[in-house]
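**Q** This is the content of structure_37.cif (mmCIF, C-alpha atoms):
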data_upload
#
loop_
_atom_site.label_atom_id
_atom_site.label_comp_id
_atom_site.auth_asym_id
_atom_site.auth_seq_id
_atom_site.Cartn_x
_atom_site.Cartn_y
_atom_site.Cartn_z
CA MET A 256 131.24 50.69 -191.82
CA ARG A 257 129.68 47.56 -193.29
CA ALA A 258 130.16 45.73 -190.02
CA ALA A 259 128.58 48.60 -188.07
CA ARG A 260 125.63 48.74 -190.50
CA ALA A 261 125.15 45.00 -190.24
CA ALA A 262 125.30 45.14 -186.45
CA ARG A 263 122.64 47.88 -186.41
CA LEU A 264 120.39 45.87 -188.69
CA VAL A 265 120.76 42.76 -186.56
CA ALA A 266 120.11 44.70 -183.37
CA ALA A 267 117.02 46.38 -184.88
CA GLU A 268 115.62 43.07 -186.08
CA LEU A 269 116.27 41.45 -182.73
CA ALA A 270 114.60 44.36 -180.91
CA ARG A 271 111.62 44.14 -183.28
CA ARG A 272 111.18 40.43 -182.67
CA VAL A 273 111.50 40.84 -178.91
CA TRP A 274 108.97 43.70 -178.98
CA LEU A 275 106.50 41.63 -181.02
CA TYR A 276 106.88 38.77 -178.58
CA VAL A 277 106.49 40.93 -175.45
CA TRP A 278 103.84 43.19 -176.99
CA PRO A 279 101.89 41.13 -179.58
CA SER A 280 98.84 42.41 -181.37
CA ALA A 281 95.59 40.54 -180.86
CA THR A 282 94.28 41.57 -184.27
CA GLY A 283 94.14 38.61 -186.59
CA ARG A 284 95.93 36.37 -184.09
CA ARG A 285 94.89 32.85 -183.18
CA ASN A 286 93.71 32.53 -179.59
CA ARG A 287 96.07 29.65 -178.91
CA ALA A 288 99.16 31.55 -180.15
CA TYR A 289 98.23 34.72 -178.28
CA LEU A 290 97.68 32.88 -174.98
CA ARG A 291 100.93 30.97 -175.43
CA GLU A 292 102.88 34.18 -175.82
CA ARG A 293 101.09 35.80 -172.87
CA LEU A 294 101.81 32.68 -170.81
CA VAL A 295 105.53 33.30 -171.23
CA ALA A 296 105.73 37.10 -171.40
CA LEU A 297 103.59 38.15 -168.42
CA PRO A 298 105.26 35.95 -165.76
CA LEU A 299 108.68 36.87 -167.16
CA LEU A 300 107.87 40.58 -166.96
CA ALA A 301 106.60 40.15 -163.39
CA VAL A 302 109.79 38.39 -162.32
CA VAL A 303 112.03 41.01 -163.96
CA ALA A 304 109.99 43.97 -162.68
CA PHE A 305 109.65 42.89 -159.07
CA GLY A 306 113.12 41.35 -158.96
CA THR A 307 114.79 44.64 -159.89
CA LEU A 308 112.33 46.63 -157.74
CA GLY A 309 112.98 44.44 -154.71
CA TRP A 310 116.74 44.64 -155.20
CA ALA A 311 116.80 48.43 -155.58
CA TYR A 312 114.31 49.05 -152.77
CA SER A 313 116.16 46.75 -150.38
CA GLY A 314 119.40 48.54 -151.23
CA VAL A 315 117.93 51.95 -150.39
CA ARG A 316 116.44 50.67 -147.15
CA ASP A 317 119.69 48.95 -146.18
CA ASP A 318 121.62 52.15 -146.87
CA SER A 319 119.28 54.10 -144.58
CA ALA A 320 119.67 51.54 -141.81
CA TYR A 321 123.45 51.51 -142.25
CA VAL A 322 123.67 55.31 -142.07
CA ARG A 323 121.27 55.52 -139.11
CA ASP A 324 122.62 52.63 -137.04
CA ARG A 325 126.33 52.62 -137.92
CA LEU A 326 127.77 55.60 -139.76
CA ALA A 327 125.94 58.35 -137.86
CA PRO A 328 126.75 56.97 -134.37
CA ALA A 329 130.38 56.53 -135.39
CA LEU A 330 130.67 60.13 -136.61
CA VAL A 331 128.95 61.42 -133.47
CA GLY A 332 131.27 59.34 -131.29
CA LEU A 333 134.40 60.65 -133.01
CA ALA A 334 133.19 64.25 -132.70
CA ASN A 335 132.41 63.72 -129.00
CA ALA A 336 135.81 62.17 -128.35
CA LYS A 337 137.66 64.98 -130.09
CA ALA A 338 135.73 67.75 -128.30
CA SER A 339 136.03 66.03 -124.92
CA LEU A 340 139.80 65.72 -125.23
CA PHE A 341 140.17 69.42 -126.09
CA ILE A 342 137.99 70.36 -123.13
CA ALA A 343 140.05 68.09 -120.89
CA GLN A 344 143.26 69.73 -122.14
CA GLY A 345 141.90 73.20 -121.38
CA GLU A 346 140.78 72.10 -117.92
CA ALA A 347 144.16 70.52 -117.16
CA GLU A 348 146.08 73.62 -118.20
CA GLU A 349 143.79 75.88 -116.17
CA ASN A 350 143.96 73.66 -113.07
CA LEU A 351 147.71 73.15 -113.20
CA ALA A 352 148.28 76.87 -113.60
CA GLU A 353 147.01 77.26 -110.03
CA GLY A 354 150.13 75.55 -108.69
CA ARG A 355 149.90 74.03 -105.21
CA ALA A 356 146.09 74.09 -105.20
CA ALA A 357 146.02 71.57 -108.07
CA GLU A 358 148.55 69.37 -106.24
CA LEU A 359 146.32 69.25 -103.16
CA SER A 360 142.85 69.05 -104.71
CA GLY A 361 143.73 67.35 -107.99
CA LEU A 362 142.30 68.08 -111.39
CA SER A 363 138.69 69.20 -111.75
CA GLU A 364 135.68 66.97 -112.08
CA ARG A 365 135.15 68.21 -115.62
CA TYR A 366 138.59 66.97 -116.63
CA ARG A 367 137.90 63.47 -115.30
CA THR A 368 134.42 63.42 -116.81
CA ARG A 369 135.63 64.51 -120.22
CA VAL A 370 138.46 61.99 -120.32
CA ALA A 371 136.02 59.24 -119.37
CA ARG A 372 133.57 60.48 -122.02
CA ALA A 373 136.26 60.48 -124.68
CA THR A 374 137.21 56.90 -123.82
CA GLN A 375 133.56 55.85 -123.83
CA SER A 376 132.93 57.54 -127.18
CA LEU A 377 135.88 55.73 -128.77
CA ASN A 378 134.58 52.42 -127.44
CA GLN A 379 131.15 53.17 -128.89
CA VAL A 380 132.69 53.89 -132.28
CA THR A 381 134.45 50.53 -132.14
CA ARG A 382 131.16 48.77 -131.39
CA SER A 383 129.19 50.69 -134.03
CA GLY A 384 130.16 48.30 -136.82
CA ALA A 385 130.93 51.14 -139.24
CA LEU A 386 134.71 50.63 -139.32
CA THR A 387 136.76 48.30 -141.42
CA VAL A 388 139.44 46.09 -139.88
CA ALA A 389 142.17 48.62 -140.69
CA GLU A 390 140.09 51.46 -139.24
CA GLU A 391 139.46 49.49 -136.05
CA GLN A 392 143.21 49.02 -135.67
CA GLU A 393 143.68 52.76 -136.16
CA LEU A 394 141.06 53.44 -133.48
CA ARG A 395 142.86 51.11 -131.07
CA VAL A 396 145.99 53.16 -131.65
CA VAL A 397 143.97 56.30 -130.82
CA SER A 398 142.70 54.70 -127.60
CA ALA A 399 146.25 53.78 -126.62
CA LEU A 400 147.40 57.34 -127.32
CA VAL A 401 144.60 58.67 -125.10
CA VAL A 402 145.91 56.51 -122.25
CA ASP A 403 149.43 57.85 -122.79
CA TYR A 404 148.05 61.37 -123.02
CA THR A 405 146.34 61.11 -119.63
CA GLY A 406 149.59 59.68 -118.24
CA TRP A 407 151.50 62.79 -119.28
CA ILE A 408 148.82 64.99 -117.74
CA GLY A 409 149.26 62.99 -114.53
CA ARG A 410 153.02 63.57 -114.66
CA ALA A 411 152.43 67.29 -115.07
CA GLN A 412 150.18 67.19 -112.02
CA ASN A 413 152.88 65.44 -110.01
CA HIS A 414 155.40 68.15 -110.98
CA VAL A 415 153.01 71.05 -110.51
CA ALA A 416 155.48 72.75 -108.12
CA ASP A 417 158.11 72.87 -110.91
CA PRO A 418 156.76 75.23 -113.59
CA VAL A 419 159.43 74.35 -116.15
CA LEU A 420 158.91 70.59 -115.92
CA ARG A 421 155.14 71.00 -115.64
CA ASP A 422 154.91 73.15 -118.76
CA ALA A 423 157.16 70.79 -120.69
CA GLU A 424 154.95 67.82 -119.84
CA LEU A 425 151.81 69.78 -120.68
CA THR A 426 153.34 70.78 -124.00
CA TYR A 427 154.23 67.17 -124.77
CA ALA A 428 150.71 66.07 -123.82
CA ARG A 429 149.26 68.64 -126.22
CA SER A 430 151.64 67.49 -128.96
CA MET A 431 150.14 64.01 -128.55
CA LEU A 432 146.70 65.56 -128.90
CA CYS A 433 147.50 67.93 -131.75
CA SER A 434 150.55 67.93 -134.00
CA THR A 435 150.18 71.64 -134.86
CA PRO A 436 152.02 73.81 -132.32
CA VAL A 437 150.18 76.65 -130.64
CA ALA A 438 150.76 79.99 -132.36
CA VAL A 439 151.94 82.93 -130.27
CA ALA A 440 148.70 84.83 -130.89
CA ASP A 441 146.64 81.89 -129.61
CA ARG A 442 148.55 81.09 -126.42
CA GLN A 443 146.06 82.94 -124.24
CA ASP A 444 143.15 81.09 -125.77
CA ARG A 445 141.74 78.28 -123.68
CA TYR A 446 141.09 76.22 -126.80
CA PRO A 447 143.72 77.22 -129.38
CA PRO A 448 143.11 76.12 -132.98
CA CYS A 449 144.28 72.67 -134.01
CA SER A 450 144.35 71.92 -137.72
CA PRO A 451 144.76 68.20 -138.47
CA THR A 452 147.57 67.16 -140.76
CA VAL A 453 147.67 64.37 -143.32
CA GLY A 454 150.25 61.99 -144.63
CA SER A 455 153.24 60.71 -142.69
CA ALA A 456 153.04 63.66 -140.28
CA ALA A 457 149.55 62.67 -139.12
CA THR A 458 150.54 60.97 -135.87
CA SER A 459 148.58 62.83 -133.19
CA ILE A 460 145.20 61.88 -131.79
CA VAL A 461 143.37 64.63 -133.66
CA ASP A 462 145.10 63.72 -136.93
CA ARG A 463 144.03 60.10 -136.63
CA VAL A 464 140.48 60.95 -135.56
CA ALA A 465 140.15 63.44 -138.42
CA GLY A 466 141.37 60.74 -140.83
CA LEU A 467 138.71 58.34 -139.59
CA GLU A 468 136.06 61.05 -139.91
CA ARG A 469 137.16 61.73 -143.46
CA GLN A 470 136.93 58.07 -144.41
CA LEU A 471 133.48 57.70 -142.86
CA ARG A 472 132.19 60.82 -144.61
CA GLU A 473 133.50 59.53 -147.93
CA ARG A 474 131.71 56.24 -147.28
CA LEU A 475 128.55 58.16 -146.46
CA ALA A 476 128.79 60.13 -149.72
CA ASP A 477 129.25 56.87 -151.65
CA ARG A 478 126.21 55.36 -149.95
CA VAL A 479 123.85 58.23 -150.70
CA ALA A 480 124.94 58.70 -154.33
CA TRP A 481 122.92 57.08 -157.10
CA SER A 482 125.13 54.29 -158.38
CA ARG A 483 125.11 53.18 -162.00
CA THR A 484 123.72 49.76 -161.14
CA VAL A 485 120.81 51.28 -159.21
CA LEU A 486 119.99 53.61 -162.12
CA VAL A 487 120.08 50.71 -164.59
CA ALA A 488 117.88 48.64 -162.29
CA ALA A 489 115.44 51.55 -161.98
CA VAL A 490 115.18 51.92 -165.77
CA VAL A 491 114.71 48.17 -166.29
CA CYS A 492 112.17 48.03 -163.47
CA GLY A 493 110.21 51.00 -164.82
CA LEU A 494 110.01 49.57 -168.33
CA ALA A 495 109.07 46.11 -167.07
CA LEU A 496 106.37 47.49 -164.75
CA VAL A 497 104.81 49.57 -167.54
CA LEU A 498 104.83 46.62 -169.91
CA LEU A 499 103.46 44.32 -167.21
CA ALA A 500 100.59 46.64 -166.27
CA ALA A 501 99.66 47.30 -169.90
CA GLY A 502 100.07 43.61 -170.78
CA LEU A 503 97.72 42.54 -167.99
CA TRP A 504 95.16 45.10 -169.13
CA ARG A 505 95.41 43.98 -172.77
CA THR A 506 95.13 40.33 -171.75
CA VAL A 507 92.02 41.00 -169.66
CA SER A 508 90.52 42.89 -172.62
CA PHE A 509 91.41 40.01 -174.92
CA LEU A 510 89.71 37.50 -172.64
CA ARG A 511 86.60 39.70 -172.43
CA ARG A 512 86.40 40.10 -176.20
CA ARG A 513 87.32 36.61 -177.34
CA PHE A 514 86.34 34.39 -174.39
CA ARG A 515 83.43 36.43 -172.98
CA ILE A 516 85.16 36.54 -169.54
CA ARG A 517 84.17 39.87 -168.02
CA LEU A 518 86.84 39.82 -165.32
CA SER A 519 89.62 37.31 -164.79
CA ILE A 520 89.91 36.98 -161.00
CA PRO A 521 93.38 35.32 -161.11
CA LEU A 522 94.79 38.05 -163.34
CA ALA A 523 93.27 40.70 -161.06
CA VAL A 524 94.98 39.01 -158.09
CA ALA A 525 98.26 38.90 -160.04
CA ALA A 526 97.96 42.66 -160.62
CA LEU A 527 97.53 43.47 -156.90
CA PRO A 528 101.31 43.83 -156.23
CA LEU A 529 101.32 46.68 -158.75
CA LEU A 530 99.27 48.76 -156.30
CA ALA A 531 102.23 48.82 -153.90
CA VAL A 532 104.67 50.18 -156.50
CA PRO A 533 103.80 53.90 -155.99
CA LEU A 534 104.17 53.52 -152.21
CA LEU A 535 107.51 51.72 -152.51
CA THR A 536 108.79 54.28 -155.01
CA THR A 537 107.76 57.18 -152.76
CA ASP A 538 109.37 55.55 -149.74
CA ALA A 539 112.62 54.92 -151.64
CA LEU A 540 112.80 58.52 -152.88
CA LEU A 541 112.11 59.88 -149.38
CA ALA A 542 114.80 57.64 -147.91
CA ARG A 543 117.34 58.63 -150.55
CA HIS A 544 116.58 62.32 -150.00
CA ALA A 545 116.96 61.92 -146.23
CA GLN A 546 120.31 60.19 -146.73
CA LYS A 547 121.48 63.02 -148.98
CA GLU A 548 120.51 65.57 -146.32
CA THR A 549 122.78 63.85 -143.79
CA VAL A 550 125.94 64.64 -145.80
CA PRO A 551 126.19 68.36 -144.86
CA VAL A 552 125.25 67.52 -141.26
CA ALA A 553 128.03 64.94 -141.12
CA ASP A 554 130.45 67.54 -142.52
CA ALA A 555 129.34 69.94 -139.79
CA LEU A 556 129.96 67.27 -137.16
CA ALA A 557 133.54 66.91 -138.34
CA LYS A 558 134.37 70.54 -139.10
CA ARG A 559 132.04 72.98 -137.31
CA THR A 560 131.82 71.52 -133.81
CA SER A 561 134.20 73.00 -131.26
CA PRO A 562 135.11 72.52 -127.59
CA ARG A 563 133.99 76.08 -126.88
CA THR A 564 130.48 75.35 -128.18
CA GLU A 565 130.28 72.16 -126.13
CA THR A 566 131.50 73.94 -123.00
CA ILE A 567 128.90 76.68 -123.39
CA ALA A 568 126.16 74.11 -123.96
CA GLU A 569 127.28 72.31 -120.81
CA GLU A 570 127.51 75.44 -118.67
CA ARG A 571 124.30 77.06 -119.94
CA PRO A 572 121.81 74.27 -120.58
CA PHE A 573 118.80 76.62 -120.50
CA ASP A 574 120.05 79.14 -123.07
CA GLY A 575 118.72 77.09 -125.95
CA PRO A 576 120.53 74.58 -128.17
CA ASP A 577 123.36 75.81 -130.33
CA PRO A 578 122.86 74.64 -133.94
CA ARG A 579 126.56 73.70 -134.06
CA SER A 580 126.53 71.53 -130.94
CA ILE A 581 127.04 67.80 -131.32
CA GLU A 582 123.75 66.97 -129.63
CA VAL A 583 121.76 69.14 -132.05
CA LEU A 584 123.55 67.76 -135.12
CA GLU A 585 123.00 64.20 -133.90
CA ALA A 586 119.29 64.92 -133.43
CA ARG A 587 119.11 66.38 -136.95
CA ILE A 588 120.54 63.21 -138.46
CA ASP A 589 118.27 60.93 -136.43
CA ASP A 590 115.14 62.96 -137.10
CA GLY A 591 115.91 63.32 -140.79
CA LEU A 592 116.47 59.60 -141.31
CA SER A 593 113.42 58.72 -139.20
CA ASP A 594 111.13 61.11 -141.06
CA GLY A 595 112.58 60.21 -144.46
CA ARG A 596 110.57 57.04 -144.87
CA LEU A 597 107.06 55.61 -144.65
CA ALA A 598 107.15 53.88 -141.28
CA PHE A 599 104.38 51.40 -142.07
CA LEU A 600 106.57 49.93 -144.83
CA ASP A 601 109.28 48.85 -142.38
CA GLY A 602 110.06 45.19 -142.95
CA VAL A 603 108.35 45.07 -146.38
CA ALA A 604 111.53 45.05 -148.50
CA PRO A 605 112.24 41.27 -148.24
CA PHE A 606 108.71 40.47 -149.49
CA VAL A 607 108.71 42.61 -152.66
CA PHE A 608 110.23 39.98 -154.94
CA PRO A 609 108.27 37.04 -153.43
CA ALA A 610 105.05 39.02 -153.96
CA GLY A 611 105.95 39.54 -157.61
CA LEU A 612 106.90 35.89 -157.93
CA VAL A 613 103.53 34.83 -156.52
CA GLY A 614 101.83 37.17 -158.99
CA ALA A 615 103.83 35.63 -161.84
CA VAL A 616 102.80 32.11 -160.78
CA VAL A 617 99.14 33.10 -160.47
CA ALA A 618 99.14 34.80 -163.87
CA GLY A 619 100.94 31.88 -165.49
CA GLY A 620 98.59 29.36 -163.91
CA ALA A 621 95.50 31.30 -165.01
CA LEU A 622 96.70 31.67 -168.62
CA HIS A 623 97.67 28.02 -168.74
CA ALA A 624 94.18 27.07 -167.55
CA TYR A 625 92.50 29.31 -170.14
CA ARG A 626 94.68 27.94 -172.91
CA ARG A 627 94.08 24.34 -171.86
CA GLU A 628 90.33 24.92 -171.65
CA TYR A 629 90.37 26.47 -175.11
CA LEU A 630 92.24 23.49 -176.57
CA VAL A 631 89.78 21.00 -175.08
CA VAL A 632 86.51 22.77 -175.80
CA ALA A 633 86.35 25.80 -178.07
CA ARG A 634 83.94 28.40 -176.77
CA PRO A 635 81.05 29.41 -179.03
CA GLY A 636 82.14 32.25 -181.25
CA ALA A 637 85.85 31.85 -180.39
CA VAL A 638 88.28 32.55 -183.20
CA SER A 639 90.59 29.61 -183.75
#
Rewrite the structure from the file as structure tokens, please.
**A**
Amino acid sequence: MRAARAARLVAAELARRVWLYVWPSATGRRNRAYLRERLVALPLLAVVAFGTLGWAYSGVRDDSAYVRDRLAPALVGLANAKASLFIAQGEAEENLAEGRAAELSGLSERYRTRVARATQSLNQVTRSGALTVAEEQELRVVSALVVDYTGWIGRAQNHVADPVLRDAELTYARSMLCSTPVAVADRQDRYPPCSPTVGSAATSIVDRVAGLERQLRERLADRVAWSRTVLVAAVVCGLALVLLAAGLWRTVSFLRRRFRIRLSIPLAVAALPLLAVPLLTTDALLARHAQKETVPVADALAKRTSPRTETIAEERPFDGPDPRSIEVLEARIDDGLSDGRLAFLDGVAPFVFPAGLVGAVVAGGALHAYRREYLVVARPGAVS
């Protein structure tokens, strides 16, 4: 208890001394001492305030760019690949059920288009830059499984005249696509349900794609959440900005009262970066809100899209967009992230800290000049 009491007393005394140094009173103070303390405190507050502001603002902007340019395209690509493969499976089963006609004319154009689209989507996910090294290796395994899957569909086409062999090869192809067997009640459905599995049993294409989607959505949730370091930086930045603005105002008032300087032009120039703080704060809050709004849309991309919805959208393009289609969800993410920022502030983030640093140098230079001038020639009526 004595140690705790002593620690509290030491901390209180230290806080009091720091507060008196950062926020001194001009009453009864010597001009030279006051200017010396302002010469140290104001530039230090400017560096701390704009350093933390620049770091936090750059982090928010970088998160928005990462979600918009990497995570969102990767999630869209995985959803497209998964839906295209299911549509291709349904087309293959429907075509091969026709028997000799499929052997003569081959599989439909939609089957070939959807297989090509699935392969292209997986390649786009690889190039998105959103995956780690391990996830890229997993995606290469998925691409290799897609090649084997199309090979088994080709074998089923070659044995279309033998229903037993054809159905066995189609069943094996579907097992590569989805590890969950088709229930009896869903056998007549063109797109039977396929629930992804996890753990050691997750070996099919859908299982692996769903695992990648889950990892990307978790990364997205981590990106949009307020981290502890960002919150600490925001608190430090807010306190430093308030103290800096009030300190500049008190210093200008001090110079007007003691030195008869109506307006210090250098200190006014040093205060100019403070005018951008409300705009930067608004832009950061809009960007963070837009990022948060992408989380449920990303969940819908992974869970609510279906091959049936994509087929209807493809067959009836003039019926209006389905809110669960991949194209609509992709547009919602892009529009939300584009609207969730002040566009004229693009490219400003790297200059926030340098602007504060310039303001600190200007303020320090001005106070040093006033203090030096006071030491050389005391102004009439100045209090020594």
**Q** For region 319-328 of chain A, please output as a PDB file with C-alpha atoms, in the coordinates of the input all residues within 10 Å (counting all atoms listed in the file; exclusion window: fewer than 3 positions along the same chain).
**A**
ATOM      1  CA  SER A 313     116.160  46.750-150.380  1.00  0.00           C
ATOM      2  CA  GLY A 314     119.400  48.540-151.230  1.00  0.00           C
ATOM      3  CA  VAL A 315     117.930  51.950-150.390  1.00  0.00           C
ATOM      4  CA  ARG A 316     116.440  50.670-147.150  1.00  0.00           C
ATOM      5  CA  VAL A 331     128.950  61.420-133.470  1.00  0.00           C
ATOM      6  CA  GLY A 332     131.270  59.340-131.290  1.00  0.00           C
ATOM      7  CA  LEU A 333     134.400  60.650-133.010  1.00  0.00           C
ATOM      8  CA  ALA A 334     133.190  64.250-132.700  1.00  0.00           C
ATOM      9  CA  SER A 376     132.930  57.540-127.180  1.00  0.00           C
ATOM     10  CA  GLN A 379     131.150  53.170-128.890  1.00  0.00           C
ATOM     11  CA  VAL A 380     132.690  53.890-132.280  1.00  0.00           C
ATOM     12  CA  ARG A 382     131.160  48.770-131.390  1.00  0.00           C
ATOM     13  CA  SER A 383     129.190  50.690-134.030  1.00  0.00           C
ATOM     14  CA  GLY A 384     130.160  48.300-136.820  1.00  0.00           C
ATOM     15  CA  ALA A 385     130.930  51.140-139.240  1.00  0.00           C
ATOM     16  CA  LEU A 386     134.710  50.630-139.320  1.00  0.00           C
ATOM     17  CA  GLU A 468     136.060  61.050-139.910  1.00  0.00           C
ATOM     18  CA  LEU A 471     133.480  57.700-142.860  1.00  0.00           C
ATOM     19  CA  ARG A 472     132.190  60.820-144.610  1.00  0.00           C
ATOM     20  CA  ARG A 474     131.710  56.240-147.280  1.00  0.00           C
ATOM     21  CA  LEU A 475     128.550  58.160-146.460  1.00  0.00           C
ATOM     22  CA  ARG A 478     126.210  55.360-149.950  1.00  0.00           C
ATOM     23  CA  VAL A 479     123.850  58.230-150.700  1.00  0.00           C
ATOM     24  CA  ALA A 539     112.620  54.920-151.640  1.00  0.00           C
ATOM     25  CA  ALA A 542     114.800  57.640-147.910  1.00  0.00           C
ATOM     26  CA  ARG A 543     117.340  58.630-150.550  1.00  0.00           C
ATOM     27  CA  ALA A 545     116.960  61.920-146.230  1.00  0.00           C
ATOM     28  CA  GLN A 546     120.310  60.190-146.730  1.00  0.00           C
ATOM     29  CA  THR A 549     122.780  63.850-143.790  1.00  0.00           C
ATOM     30  CA  VAL A 552     125.250  67.520-141.260  1.00  0.00           C
ATOM     31  CA  ALA A 553     128.030  64.940-141.120  1.00  0.00           C
ATOM     32  CA  LEU A 556     129.960  67.270-137.160  1.00  0.00           C
ATOM     33  CA  GLU A 585     123.000  64.200-133.900  1.00  0.00           C
ATOM     34  CA  ILE A 588     120.540  63.210-138.460  1.00  0.00           C
ATOM     35  CA  ASP A 589     118.270  60.930-136.430  1.00  0.00           C
ATOM     36  CA  ASP A 590     115.140  62.960-137.100  1.00  0.00           C
ATOM     37  CA  GLY A 591     115.910  63.320-140.790  1.00  0.00           C
ATOM     38  CA  LEU A 592     116.470  59.600-141.310  1.00  0.00           C
ATOM     39  CA  SER A 593     113.420  58.720-139.200  1.00  0.00           C
ATOM     40  CA  GLY A 595     112.580  60.210-144.460  1.00  0.00           C
ATOM     41  CA  ARG A 596     110.570  57.040-144.870  1.00  0.00           C
TER      42      ARG A 596
END
**Q** Can you tell me which residues surround region 496-506 of chain A at a distance of at most 9 Å, considering all atoms listed in the file, apart from same-chain residues fewer than 2 positions away, and format the answer as a ChimeraX atom specification?
**A** /A:277-278,281,290,293,296-298,300-301,303-305,491-494,508-511,522-523,525-526,529,532,618
**Q** What does the distance between CA of Arg563 (chain A) and CA of Glu473 (chain A) come to in Å, to one decimal place?
**A**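 Between CA of Arg563 (chain A) and CA of Glu473 (chain A) the gap works out to 26.8 Å.
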**Q** Identify which of the residues A:Ile342, A:Val415, A:Val607, A:Ala557 lies closest to Ala465 (chain A), counting all atoms listed in the file when measuring atom-to-atom distances.
**A** A:Ala557
**Q** Residues within 9 Å of Pro436 (chain A), please, as a list of chain:residue names. Count only C-alpha atoms; anything in the same chain fewer than 5 positions from it doesn't count.
**A**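 Result of the neighbour search: A:Thr426, A:Arg429, A:Ser430, A:Cys449.
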**Q** Produce region 360-372 of chain A of the given structure as output with N, CA, C and O atoms, as a compact mmCIF listing (two decimals), in the first residue's frame.
**A**
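Listing of result39.txt after writing:
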# COMPACT_ATOMS: atom_id res chain seq x y z
N SER A 360 -22.71 -33.85 -80.64
CA SER A 360 -22.60 -32.38 -80.63
C SER A 360 -21.69 -31.85 -79.53
O SER A 360 -21.32 -30.67 -79.55
N GLY A 361 -21.34 -32.69 -78.57
CA GLY A 361 -20.49 -32.24 -77.47
C GLY A 361 -21.28 -31.51 -76.40
O GLY A 361 -22.50 -31.36 -76.48
N LEU A 362 -20.58 -31.05 -75.41
CA LEU A 362 -21.22 -30.32 -74.33
C LEU A 362 -21.58 -28.91 -74.80
O LEU A 362 -21.03 -28.39 -75.77
N SER A 363 -22.49 -28.26 -74.07
CA SER A 363 -23.03 -26.98 -74.51
C SER A 363 -21.99 -25.87 -74.41
O SER A 363 -20.96 -26.00 -73.74
N GLU A 364 -22.31 -24.78 -75.06
CA GLU A 364 -21.44 -23.61 -75.01
C GLU A 364 -21.37 -23.03 -73.61
O GLU A 364 -20.32 -22.52 -73.19
N ARG A 365 -22.47 -23.12 -72.87
CA ARG A 365 -22.47 -22.60 -71.51
C ARG A 365 -21.50 -23.37 -70.62
O ARG A 365 -20.82 -22.77 -69.78
N TYR A 366 -21.43 -24.68 -70.82
CA TYR A 366 -20.48 -25.46 -70.03
C TYR A 366 -19.06 -24.98 -70.29
O TYR A 366 -18.29 -24.72 -69.35
N ARG A 367 -18.69 -24.85 -71.56
CA ARG A 367 -17.32 -24.43 -71.88
C ARG A 367 -17.05 -23.00 -71.38
O ARG A 367 -15.96 -22.71 -70.88
N THR A 368 -18.05 -22.14 -71.51
CA THR A 368 -17.87 -20.76 -71.05
C THR A 368 -17.69 -20.69 -69.55
O THR A 368 -16.83 -19.96 -69.03
N ARG A 369 -18.48 -21.48 -68.83
CA ARG A 369 -18.40 -21.43 -67.37
C ARG A 369 -17.11 -22.05 -66.85
O ARG A 369 -16.54 -21.56 -65.86
N VAL A 370 -16.63 -23.09 -67.48
CA VAL A 370 -15.34 -23.66 -67.06
C VAL A 370 -14.22 -22.66 -67.30
O VAL A 370 -13.33 -22.45 -66.45
N ALA A 371 -14.26 -22.01 -68.47
CA ALA A 371 -13.25 -20.99 -68.76
C ALA A 371 -13.35 -19.82 -67.79
O ALA A 371 -12.33 -19.28 -67.34
N ARG A 372 -14.58 -19.43 -67.43
CA ARG A 372 -14.75 -18.33 -66.49
C ARG A 372 -14.24 -18.70 -65.10
O ARG A 372 -13.66 -17.86 -64.39
